[in-house]
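*Asks:* For reference, the file protein32.txt (compact mmCIF, C-alpha atoms) is included below:
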```txt
# COMPACT_ATOMS: atom_id res chain seq x y z
CA MET A 1 -213.34 115.11 -78.81
CA LYS A 2 -212.09 118.52 -79.95
CA ALA A 3 -210.80 119.08 -83.47
CA TRP A 4 -209.36 122.11 -85.22
CA ALA A 5 -211.20 121.70 -88.50
CA VAL A 6 -211.64 123.27 -91.91
CA VAL A 7 -215.31 124.21 -91.84
CA ARG A 8 -215.21 126.49 -94.87
CA ASN A 9 -212.27 126.78 -97.24
CA ASN A 10 -210.07 129.86 -96.96
CA GLU A 11 -211.60 130.74 -93.60
CA PRO A 12 -210.01 130.23 -90.17
CA LEU A 13 -210.05 126.75 -88.69
CA GLU A 14 -212.71 126.27 -86.04
CA CYS A 15 -212.44 124.24 -82.86
CA ILE A 16 -215.41 121.89 -83.04
CA GLU A 17 -216.65 118.83 -81.18
CA VAL A 18 -216.64 115.58 -83.16
CA THR A 19 -217.62 112.06 -82.18
CA THR A 20 -215.00 110.24 -80.14
CA PRO A 21 -213.99 107.18 -82.20
CA GLN A 22 -214.85 103.71 -80.91
CA PRO A 23 -212.64 101.04 -82.53
CA THR A 24 -214.05 97.96 -84.21
CA GLY A 25 -212.38 95.00 -85.91
CA THR A 26 -208.68 95.70 -86.46
CA GLN A 27 -208.93 99.44 -85.80
CA VAL A 28 -206.57 101.24 -83.43
CA VAL A 29 -207.37 104.59 -81.78
CA LEU A 30 -204.46 106.85 -80.88
CA ALA A 31 -204.37 110.07 -78.84
CA VAL A 32 -202.44 112.60 -80.90
CA GLU A 33 -199.15 113.64 -79.29
CA ALA A 34 -197.58 115.50 -82.22
CA CYS A 35 -198.76 116.49 -85.69
CA GLY A 36 -196.61 118.03 -88.38
CA VAL A 37 -198.03 120.89 -90.45
CA CYS A 38 -197.46 120.33 -94.14
CA HIS A 39 -197.99 122.38 -97.31
CA SER A 40 -200.57 119.76 -98.23
CA ASP A 41 -202.55 120.91 -95.19
CA LEU A 42 -202.40 124.43 -96.59
CA HIS A 43 -203.74 123.24 -99.94
CA PHE A 44 -206.46 121.37 -98.06
CA TRP A 45 -207.38 124.58 -96.24
CA LYS A 46 -207.53 126.47 -99.54
CA GLY A 47 -209.70 123.72 -101.01
CA SER A 48 -208.34 123.54 -104.55
CA TYR A 49 -205.33 122.54 -106.64
CA ASN A 50 -203.99 124.16 -109.80
CA LEU A 51 -203.78 121.43 -112.45
CA GLY A 52 -202.47 123.73 -115.17
CA GLY A 53 -204.11 124.70 -118.44
CA GLY A 54 -206.76 126.65 -116.57
CA LYS A 55 -208.00 123.53 -114.76
CA THR A 56 -208.44 123.11 -111.02
CA MET A 57 -209.26 120.19 -108.74
CA THR A 58 -211.36 120.86 -105.65
CA LEU A 59 -211.72 118.95 -102.41
CA THR A 60 -215.20 118.00 -103.58
CA ASP A 61 -213.62 116.44 -106.68
CA ARG A 62 -211.54 114.32 -104.31
CA GLY A 63 -214.64 113.21 -102.40
CA VAL A 64 -213.90 115.28 -99.29
CA THR A 65 -216.71 116.59 -97.10
CA LEU A 66 -216.37 119.36 -94.52
CA PRO A 67 -215.90 119.95 -91.69
CA ARG A 68 -212.69 117.97 -91.56
CA ALA A 69 -209.66 118.17 -89.27
CA PRO A 70 -206.49 118.11 -91.41
CA GLY A 71 -203.12 116.79 -90.30
CA HIS A 72 -201.48 113.68 -91.71
CA GLU A 73 -198.10 113.68 -89.93
CA VAL A 74 -199.13 112.05 -86.68
CA VAL A 75 -197.47 110.45 -83.70
CA GLY A 76 -200.02 109.10 -81.27
CA ARG A 77 -200.35 107.02 -78.12
CA VAL A 78 -202.53 103.92 -78.39
CA ILE A 79 -205.58 104.30 -76.16
CA ALA A 80 -207.99 101.68 -77.56
CA THR A 81 -208.04 98.77 -79.99
CA GLY A 82 -210.69 96.76 -81.75
CA PRO A 83 -211.13 93.09 -80.81
CA ASP A 84 -209.15 91.90 -83.85
CA ALA A 85 -206.20 94.29 -83.54
CA SER A 86 -202.95 92.72 -82.42
CA GLY A 87 -199.28 93.63 -82.29
CA VAL A 88 -199.66 97.06 -80.65
CA THR A 89 -199.41 98.02 -76.99
CA ILE A 90 -201.72 100.31 -75.05
CA ASP A 91 -199.96 103.56 -73.99
CA GLU A 92 -197.11 103.03 -76.47
CA SER A 93 -196.41 105.71 -79.11
CA TYR A 94 -196.47 105.06 -82.84
CA ILE A 95 -196.02 106.96 -86.09
CA VAL A 96 -199.22 106.66 -88.08
CA TYR A 97 -198.93 105.96 -91.80
CA PRO A 98 -201.58 108.34 -93.22
CA TRP A 99 -202.05 107.44 -96.89
CA ILE A 100 -204.49 104.64 -96.21
CA GLY A 101 -205.83 102.76 -99.22
CA CYS A 102 -208.85 100.53 -99.73
CA GLY A 103 -206.96 97.56 -98.30
CA ASP A 104 -208.04 95.14 -101.01
CA CYS A 105 -206.50 96.17 -104.35
CA GLU A 106 -203.16 94.95 -105.71
CA ASN A 107 -201.36 98.12 -104.63
CA CYS A 108 -202.67 97.90 -101.07
CA LEU A 109 -201.84 94.20 -100.81
CA ASN A 110 -198.28 95.15 -101.85
CA GLU A 111 -198.25 97.85 -99.12
CA ASP A 112 -198.28 100.57 -101.76
CA ASP A 113 -201.38 102.25 -100.35
CA ASN A 114 -200.24 105.62 -101.72
CA LEU A 115 -200.94 104.27 -105.23
CA CYS A 116 -204.47 103.13 -104.40
CA THR A 117 -207.23 104.89 -106.34
CA ALA A 118 -209.72 104.65 -103.45
CA GLN A 119 -207.75 106.22 -100.63
CA LYS A 120 -209.10 106.86 -97.14
CA SER A 121 -206.24 109.08 -96.06
CA ILE A 122 -205.95 110.45 -92.53
CA GLY A 123 -206.37 114.21 -92.50
CA VAL A 124 -208.12 114.13 -95.87
CA MET A 125 -210.91 111.54 -96.03
CA GLN A 126 -211.09 111.18 -92.24
CA HIS A 127 -210.16 113.41 -89.31
CA GLY A 128 -206.44 113.87 -88.90
CA GLY A 129 -203.96 115.04 -86.32
CA PHE A 130 -205.50 118.49 -85.82
CA ALA A 131 -208.07 116.49 -83.82
CA GLY A 132 -207.47 114.93 -80.43
CA GLU A 133 -207.53 111.34 -81.69
CA VAL A 134 -207.04 109.48 -84.96
CA VAL A 135 -208.01 106.00 -86.13
CA ALA A 136 -205.69 103.60 -87.93
CA PRO A 137 -207.64 100.82 -89.68
CA HIS A 138 -205.03 98.17 -88.89
CA PRO A 139 -201.84 97.85 -86.81
CA ARG A 140 -199.76 97.41 -90.00
CA TYR A 141 -200.06 101.19 -90.50
CA LEU A 142 -198.28 101.90 -87.20
CA VAL A 143 -194.52 102.11 -86.70
CA PRO A 144 -193.10 102.31 -83.14
CA VAL A 145 -191.49 105.63 -82.23
CA GLY A 146 -188.97 103.98 -79.93
CA GLY A 147 -186.46 106.50 -78.63
CA LEU A 148 -187.05 109.08 -81.38
CA ASP A 149 -188.24 112.61 -80.64
CA PRO A 150 -192.02 112.39 -81.27
CA ALA A 151 -192.18 115.84 -82.90
CA LEU A 152 -189.45 114.98 -85.40
CA ALA A 153 -190.78 111.45 -85.88
CA SER A 154 -194.22 112.77 -86.83
CA THR A 155 -192.71 114.46 -89.90
CA PHE A 156 -191.51 111.09 -91.20
CA ALA A 157 -195.13 110.16 -92.03
CA CYS A 158 -195.16 112.60 -94.95
CA SER A 159 -192.01 114.65 -95.49
CA GLY A 160 -189.77 111.73 -94.56
CA ILE A 161 -191.36 109.16 -96.84
CA THR A 162 -191.97 111.70 -99.60
CA VAL A 163 -188.30 112.62 -99.89
CA TYR A 164 -187.22 108.99 -99.44
CA SER A 165 -189.49 107.88 -102.30
CA ALA A 166 -188.40 110.77 -104.54
CA ILE A 167 -184.70 110.10 -103.92
CA GLN A 168 -185.13 106.43 -104.75
CA LYS A 169 -186.49 107.48 -108.16
CA VAL A 170 -183.17 109.12 -109.14
CA MET A 171 -180.83 106.51 -107.68
CA PRO A 172 -178.27 105.15 -108.20
CA ILE A 173 -176.09 108.23 -108.63
CA ALA A 174 -172.43 108.42 -107.61
CA PRO A 175 -171.97 110.37 -104.35
CA ASP A 176 -170.04 113.18 -106.07
CA LYS A 177 -172.53 113.68 -108.92
CA PRO A 178 -174.83 116.64 -108.17
CA ILE A 179 -178.45 116.14 -107.21
CA VAL A 180 -180.54 119.33 -107.45
CA LEU A 181 -183.30 119.99 -104.92
CA ILE A 182 -185.75 122.77 -105.83
CA GLY A 183 -187.28 124.28 -102.70
CA ALA A 184 -185.55 124.63 -99.33
CA GLY A 185 -188.63 124.38 -97.15
CA GLY A 186 -189.42 121.40 -94.97
CA LEU A 187 -189.20 118.85 -97.78
CA GLY A 188 -186.03 120.33 -99.25
CA LEU A 189 -184.23 120.32 -95.91
CA ALA A 190 -185.45 116.80 -95.18
CA ALA A 191 -184.06 115.70 -98.55
CA ILE A 192 -180.67 117.21 -97.76
CA ALA A 193 -180.61 115.33 -94.46
CA MET A 194 -181.55 112.07 -96.15
CA LEU A 195 -179.01 112.43 -98.96
CA ARG A 196 -176.34 113.05 -96.34
CA ALA A 197 -177.48 109.91 -94.53
CA PHE A 198 -177.00 108.02 -97.80
CA GLY A 199 -173.46 109.43 -98.09
CA HIS A 200 -174.20 111.81 -100.96
CA ARG A 201 -171.71 114.66 -101.16
CA ALA A 202 -172.98 116.94 -103.98
CA ILE A 203 -176.29 118.64 -103.22
CA VAL A 204 -177.49 121.83 -104.95
CA SER A 205 -180.41 123.58 -103.25
CA VAL A 206 -182.57 126.11 -105.12
CA ASP A 207 -184.86 128.65 -103.45
CA LEU A 208 -185.99 132.26 -103.81
CA ASP A 209 -185.55 133.07 -100.12
CA PRO A 210 -181.99 133.92 -98.97
CA ALA A 211 -182.77 132.71 -95.43
CA LYS A 212 -183.91 129.34 -96.72
CA ARG A 213 -180.86 129.06 -98.97
CA GLN A 214 -178.72 129.64 -95.89
CA ALA A 215 -180.72 127.02 -93.99
CA ALA A 216 -179.98 124.58 -96.82
CA LEU A 217 -176.26 125.29 -96.58
CA ASP A 218 -176.41 124.90 -92.81
CA MET A 219 -178.16 121.54 -93.31
CA GLY A 220 -175.36 120.32 -95.59
CA ALA A 221 -176.07 121.47 -99.15
CA THR A 222 -172.88 122.07 -101.09
CA ALA A 223 -174.35 124.97 -103.10
CA ALA A 224 -177.43 127.20 -102.90
CA VAL A 225 -178.91 128.93 -105.93
CA ASP A 226 -181.40 131.78 -106.29
CA GLY A 227 -184.12 130.20 -108.43
CA GLY A 228 -185.70 133.46 -109.57
CA GLY A 229 -185.67 134.88 -113.09
CA GLU A 230 -185.41 133.46 -116.58
CA GLY A 231 -181.82 132.35 -116.07
CA ALA A 232 -182.62 129.86 -113.30
CA ALA A 233 -181.74 126.79 -115.37
CA GLN A 234 -178.34 128.21 -116.28
CA ALA A 235 -177.73 129.25 -112.66
CA ILE A 236 -178.36 125.65 -111.62
CA ILE A 237 -176.02 124.34 -114.32
CA ASP A 238 -173.30 126.81 -113.26
CA ALA A 239 -173.61 125.84 -109.59
CA ALA A 240 -173.52 122.13 -110.43
CA GLY A 241 -170.58 122.41 -112.81
CA GLY A 242 -172.66 121.32 -115.81
CA PRO A 243 -176.04 119.78 -116.69
CA VAL A 244 -177.26 117.33 -114.06
CA ARG A 245 -178.61 113.79 -113.98
CA ALA A 246 -181.19 114.40 -111.26
CA VAL A 247 -183.54 117.21 -110.22
CA ILE A 248 -186.21 116.82 -107.53
CA ASP A 249 -188.76 119.64 -107.56
CA PHE A 250 -190.44 120.09 -104.18
CA VAL A 251 -192.29 123.18 -105.42
CA ASN A 252 -193.42 121.96 -108.83
CA ALA A 253 -194.76 125.18 -110.32
CA THR A 254 -194.52 126.14 -113.99
CA SER A 255 -191.33 128.14 -113.46
CA THR A 256 -189.54 125.64 -111.21
CA ALA A 257 -190.35 122.65 -113.41
CA ALA A 258 -189.09 124.52 -116.48
CA ALA A 259 -185.85 125.44 -114.70
CA GLY A 260 -185.31 121.91 -113.46
CA PHE A 261 -186.06 120.36 -116.84
CA GLY A 262 -183.78 122.86 -118.56
CA ALA A 263 -180.88 121.90 -116.28
CA LEU A 264 -181.02 118.18 -117.12
CA ALA A 265 -178.14 116.41 -118.80
CA LYS A 266 -178.71 113.77 -121.45
CA GLY A 267 -180.32 110.83 -119.68
CA GLY A 268 -181.37 113.03 -116.77
CA ARG A 269 -184.53 112.76 -114.72
CA LEU A 270 -186.86 115.38 -113.23
CA VAL A 271 -188.97 114.14 -110.30
CA ASN A 272 -192.05 116.27 -109.58
CA VAL A 273 -193.15 116.25 -105.94
CA GLY A 274 -194.80 119.55 -105.00
CA VAL A 275 -198.31 120.62 -105.97
CA ALA A 276 -197.86 124.38 -106.46
CA GLY A 277 -199.43 123.83 -109.88
CA GLY A 278 -199.01 124.84 -113.48
CA GLU A 279 -197.83 123.04 -116.56
CA LEU A 280 -194.67 122.04 -118.39
CA THR A 281 -194.46 122.21 -122.18
CA LEU A 282 -192.20 119.51 -123.60
CA SER A 283 -190.70 118.74 -126.97
CA LEU A 284 -191.56 115.09 -127.50
CA ALA A 285 -188.80 114.56 -130.06
CA GLY A 286 -186.43 116.47 -127.78
CA MET A 287 -187.16 114.06 -124.96
CA VAL A 288 -186.19 111.20 -127.23
CA PHE A 289 -182.97 112.80 -128.45
CA ARG A 290 -181.95 113.79 -124.92
CA ALA A 291 -183.29 110.58 -123.32
CA VAL A 292 -184.66 112.59 -120.40
CA SER A 293 -187.65 111.67 -118.25
CA VAL A 294 -190.19 113.43 -116.07
CA VAL A 295 -191.65 111.41 -113.19
CA GLY A 296 -194.39 112.19 -110.70
CA SER A 297 -193.83 111.07 -107.10
CA ASN A 298 -196.83 110.73 -104.76
CA THR A 299 -195.77 110.60 -101.07
CA GLY A 300 -194.46 107.12 -100.16
CA SER A 301 -195.47 103.69 -98.91
CA VAL A 302 -195.66 102.20 -95.44
CA LYS A 303 -192.55 100.24 -96.43
CA ASP A 304 -190.81 103.59 -96.99
CA LEU A 305 -191.92 104.74 -93.53
CA ARG A 306 -190.33 101.70 -91.91
CA ALA A 307 -187.12 102.36 -93.86
CA VAL A 308 -186.99 106.02 -92.82
CA VAL A 309 -187.57 105.15 -89.16
CA GLU A 310 -184.79 102.56 -89.26
CA LEU A 311 -182.49 105.15 -90.86
CA ALA A 312 -183.31 107.62 -88.10
CA LYS A 313 -182.79 105.03 -85.36
CA SER A 314 -179.39 104.15 -86.84
CA GLY A 315 -178.19 107.67 -86.06
CA LYS A 316 -177.28 108.37 -89.69
CA LEU A 317 -180.16 110.76 -90.42
CA PRO A 318 -179.39 114.34 -89.32
CA ALA A 319 -182.22 116.02 -87.43
CA MET A 320 -183.86 118.83 -89.38
CA PRO A 321 -185.11 122.05 -87.74
CA VAL A 322 -188.45 121.52 -85.98
CA THR A 323 -190.47 124.27 -84.27
CA ARG A 324 -193.17 123.18 -81.83
CA PHE A 325 -196.45 125.06 -81.44
CA PRO A 326 -199.45 124.40 -79.16
CA LYS A 327 -202.33 122.90 -81.12
CA ASP A 328 -204.56 125.88 -80.39
CA GLN A 329 -202.19 127.95 -82.56
CA ALA A 330 -203.03 125.87 -85.64
CA ASN A 331 -204.48 128.86 -87.50
CA ASP A 332 -201.40 130.98 -86.89
CA VAL A 333 -199.10 128.16 -87.98
CA LEU A 334 -200.98 127.67 -91.26
CA GLN A 335 -200.62 131.37 -92.01
CA LYS A 336 -196.92 131.34 -91.13
CA LEU A 337 -196.50 128.44 -93.54
CA ARG A 338 -198.53 130.27 -96.18
CA HIS A 339 -196.24 133.30 -95.96
CA GLY A 340 -192.99 131.32 -95.94
CA GLU A 341 -192.17 132.11 -92.30
CA ILE A 342 -191.38 128.54 -91.23
CA THR A 343 -187.82 127.22 -91.44
CA GLY A 344 -187.79 123.44 -91.48
CA ARG A 345 -191.00 121.94 -90.09
CA ALA A 346 -193.72 123.19 -87.78
CA VAL A 347 -195.26 120.60 -85.44
CA LEU A 348 -198.39 120.97 -83.34
CA VAL A 349 -198.14 119.44 -79.88
CA GLU A 350 -200.57 119.12 -77.01
CA ALA A 351 -200.19 122.11 -74.67
```
Now that the file is in, can you turn its structure into structure tokens?

*Replies:*
Amino acid sequence: MKAWAVVRNNEPLECIEVTTPQPTGTQVVLAVEACGVCHSDLHFWKGSYNLGGGKTMTLTDRGVTLPRAPGHEVVGRVIATGPDASGVTIDESYIVYPWIGCGDCENCLNEDDNLCTAQKSIGVMQHGGFAGEVVAPHPRYLVPVGGLDPALASTFACSGITVYSAIQKVMPIAPDKPIVLIGAGGLGLAAIAMLRAFGHRAIVSVDLDPAKRQAALDMGATAAVDGGGEGAAQAIIDAAGGPVRAVIDFVNATSTAAAGFGALAKGGRLVNVGVAGGELTLSLAGMVFRAVSVVGSNTGSVKDLRAVVELAKSGKLPAMPVTRFPKDQANDVLQKLRHGEITGRAVLVEA
């Protein structure tokens, strides 16, 4: 099969031929119908992550070998199953949960594969949705698309569950108490949609780009703040009407984390989601006196995916902007994402 793959980091993807998967055991093979393009794919293409303090993590450190087709937001049509796979239907479409774990540890047995330390993630450790087909190791990682738009549904596999998991980490908060969302890209807009679905009425979006701030307001944010400059924390506080109980940072760079942390009220919580990189210097005694917390949030679980899909099927979840591109434009889409030219989410579809 064909795959648009990272062959060398920081160089254009190449269309290569890879072995067509043949399912065994409980495996399910799906023909890719739609694949969202995520900032994590961009980091994968670059090949390294800024850990702060002058440290980096490379794909090699993560156990990745190239060439590899990225893409972890996948909707696919079942085309083959192993002899032990049951509960899925040939030619039906499913959202593929990508953050596959080892399958045997306590986290995996609790369906918290995203917390497994031996992950086999789709689009990272195995070929993802930039290829023609993907393999799910078991039907439990597949959620029926039903009547949902496949392009939008594909984004639930990462952006949907990531924002759902992050929001759960700051709840419960009264609907009229501000929640601050740093970053108005795909994740930020998805979070606005989800908070609205939950009935939340006070949402402050923070972004450097005026167009993205307007997109956040159009999506339902109640205020949009320019996050640039040393006064970002105070600008957030002013927009929110005071220090806040919850900040979710979808960028998670040194400057954004500092601004978010600085805007917290006593007892507030900063949830770090993005991987832009950097570090946050904290006063340990100050954290005690203010009773604040900083929490990392790593994607979400397959249980979260089922919850997001049910929310979407209920009609309560507003649809976020999605732009479709033919798969052979994967290189162009990555560069558009790199330069901040995508509003909402970009999704690769079969031409």

*Asks:* Hey, which of A:Tyr94, A:Trp99, A:Tyr164, A:Tyr49 ends up closest to Val143 (chain A)? Count all atoms listed in the file.

*Replies:*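 Of A:Tyr94, A:Trp99, A:Tyr164, A:Tyr49, the one nearest Val143 (chain A) is A:Tyr94, counting all atoms listed in the file.
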
*Asks:* Expressed in Å to a single decimal, how great is the separation between CA of Thr323 (chain A) and CA of Cys35 (chain A)?

*Replies:*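 Atom-to-atom, CA of Thr323 (chain A) and CA of Cys35 (chain A) are spaced 11.5 Å apart.
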
*Asks:* Would you work out the distance separating CA of Tyr141 (chain A) from CA of Leu311 (chain A), expressed in Å to one decimal?

*Replies:* 18.0 Å

*Asks:* Expressed in Å to a single decimal, how great is the separation between CA of Lys327 (chain A) and CA of Ala34 (chain A)?

*Replies:*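 Between these atoms lies a distance of 8.9 Å.
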
*Asks:* Smallest atom-to-atom distance to Gly241 (chain A): which of A:Val333, A:Leu115, A:Val180, A:His200, using all atoms listed in the file?

*Replies:*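 The shortest atom-to-atom distance to Gly241 (chain A) comes from A:Val180.
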
*Asks:* If you count only C-alpha atoms, which residues fall within 10 Å of region 2-17 of chain A, apart from same-chain ones fewer than 6 positions away, as a PyMOL selection string?

*Replies:* chain A and resi 41-48+59+65-71+123+127-133+327-332+334-335

*Asks:* Could you tell me which of A:Gly340, A:Pro318, A:Gly277, A:Pro178 comes closest to Gly220 (chain A) if we count only C-alpha atoms?

*Replies:*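 Among the listed residues, the smallest separation from Gly220 (chain A) belongs to A:Pro318.
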
*Asks:* Select, counting only C-alpha atoms, all protein, DNA and RNA residues no farther than 12 Å from (-185.2, 109.4, -121.5) in file coordinates, and express the selection as a PyMOL selection string.

*Replies:* chain A and resi 245+261+264-270+284-295

*Asks:* Kindly indicate which residue among A:Gly25, A:Leu142, A:Asp226, A:His39 lies nearest to Lys336 (chain A), using only C-alpha atoms for the distances.

*Replies:* A:His39

*Asks:* Quick one: of A:Ala239, A:Ala136, A:Ala166, A:Cys158, who's nearest to Gly186 (chain A), counting all atoms listed in the file?

*Replies:*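 So, comparing all the options, the nearest one is A:Cys158.
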
*Asks:* Starting from the point (-213.8, 94.3, -81.3), work out which residues of protein, DNA or RNA have an atom no more than 10 Å away when counting only C-alpha atoms; state them as an MDAnalysis selection string.

*Replies:* chainID A and resid 22:27 81:85

*Asks:* With all atoms listed in the file as the atoms that count, which of A:Asn114, A:Thr256, A:Thr20, A:Gln119 lies nearest to Val64 (chain A)?

*Replies:*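 Of the candidates, the smallest distance to Val64 (chain A) is held by A:Gln119.
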
*Asks:* Give me the residues within 9 Å of Glu73 (chain A) as number ranges by chain, counting only C-alpha atoms and dropping any in the same chain fewer than 5 places off.

*Replies:* A: 34-38, 95-98, 122-123, 128-129, 153-159, 347

*Asks:* Compile the contact shell of Ser165 (chain A) as a short mmCIF file (atom, residue, chain, number, x, y, z; two decimals) with C-alpha atoms, in the coordinates of the input: residues with an atom at most 10 Å away, counting only C-alpha atoms, same-chain residues fewer than 4 positions apart removed.

*Replies:*
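Generated file (result34.cif):
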```
data_model
loop_
_atom_site.label_atom_id
_atom_site.label_comp_id
_atom_site.auth_asym_id
_atom_site.auth_seq_id
_atom_site.Cartn_x
_atom_site.Cartn_y
_atom_site.Cartn_z
CA SER A 159 -192.01 114.65 -95.49
CA GLY A 160 -189.77 111.73 -94.56
CA ILE A 161 -191.36 109.16 -96.84
CA LYS A 169 -186.49 107.48 -108.16
CA VAL A 170 -183.17 109.12 -109.14
CA VAL A 273 -193.15 116.25 -105.94
CA SER A 297 -193.83 111.07 -107.10
CA ASN A 298 -196.83 110.73 -104.76
CA THR A 299 -195.77 110.60 -101.07
CA GLY A 300 -194.46 107.12 -100.16
CA SER A 301 -195.47 103.69 -98.91
CA ASP A 304 -190.81 103.59 -96.99
CA LEU A 305 -191.92 104.74 -93.53
CA VAL A 308 -186.99 106.02 -92.82
#
```

*Asks:* Hey, what's within 8 Å of Leu181 (chain A) if we count only C-alpha atoms and toss same-chain stuff fewer than 2 positions away? As a ChimeraX atom specification, please?

*Replies:* /A:179,183-184,188,191,203-206,247-250
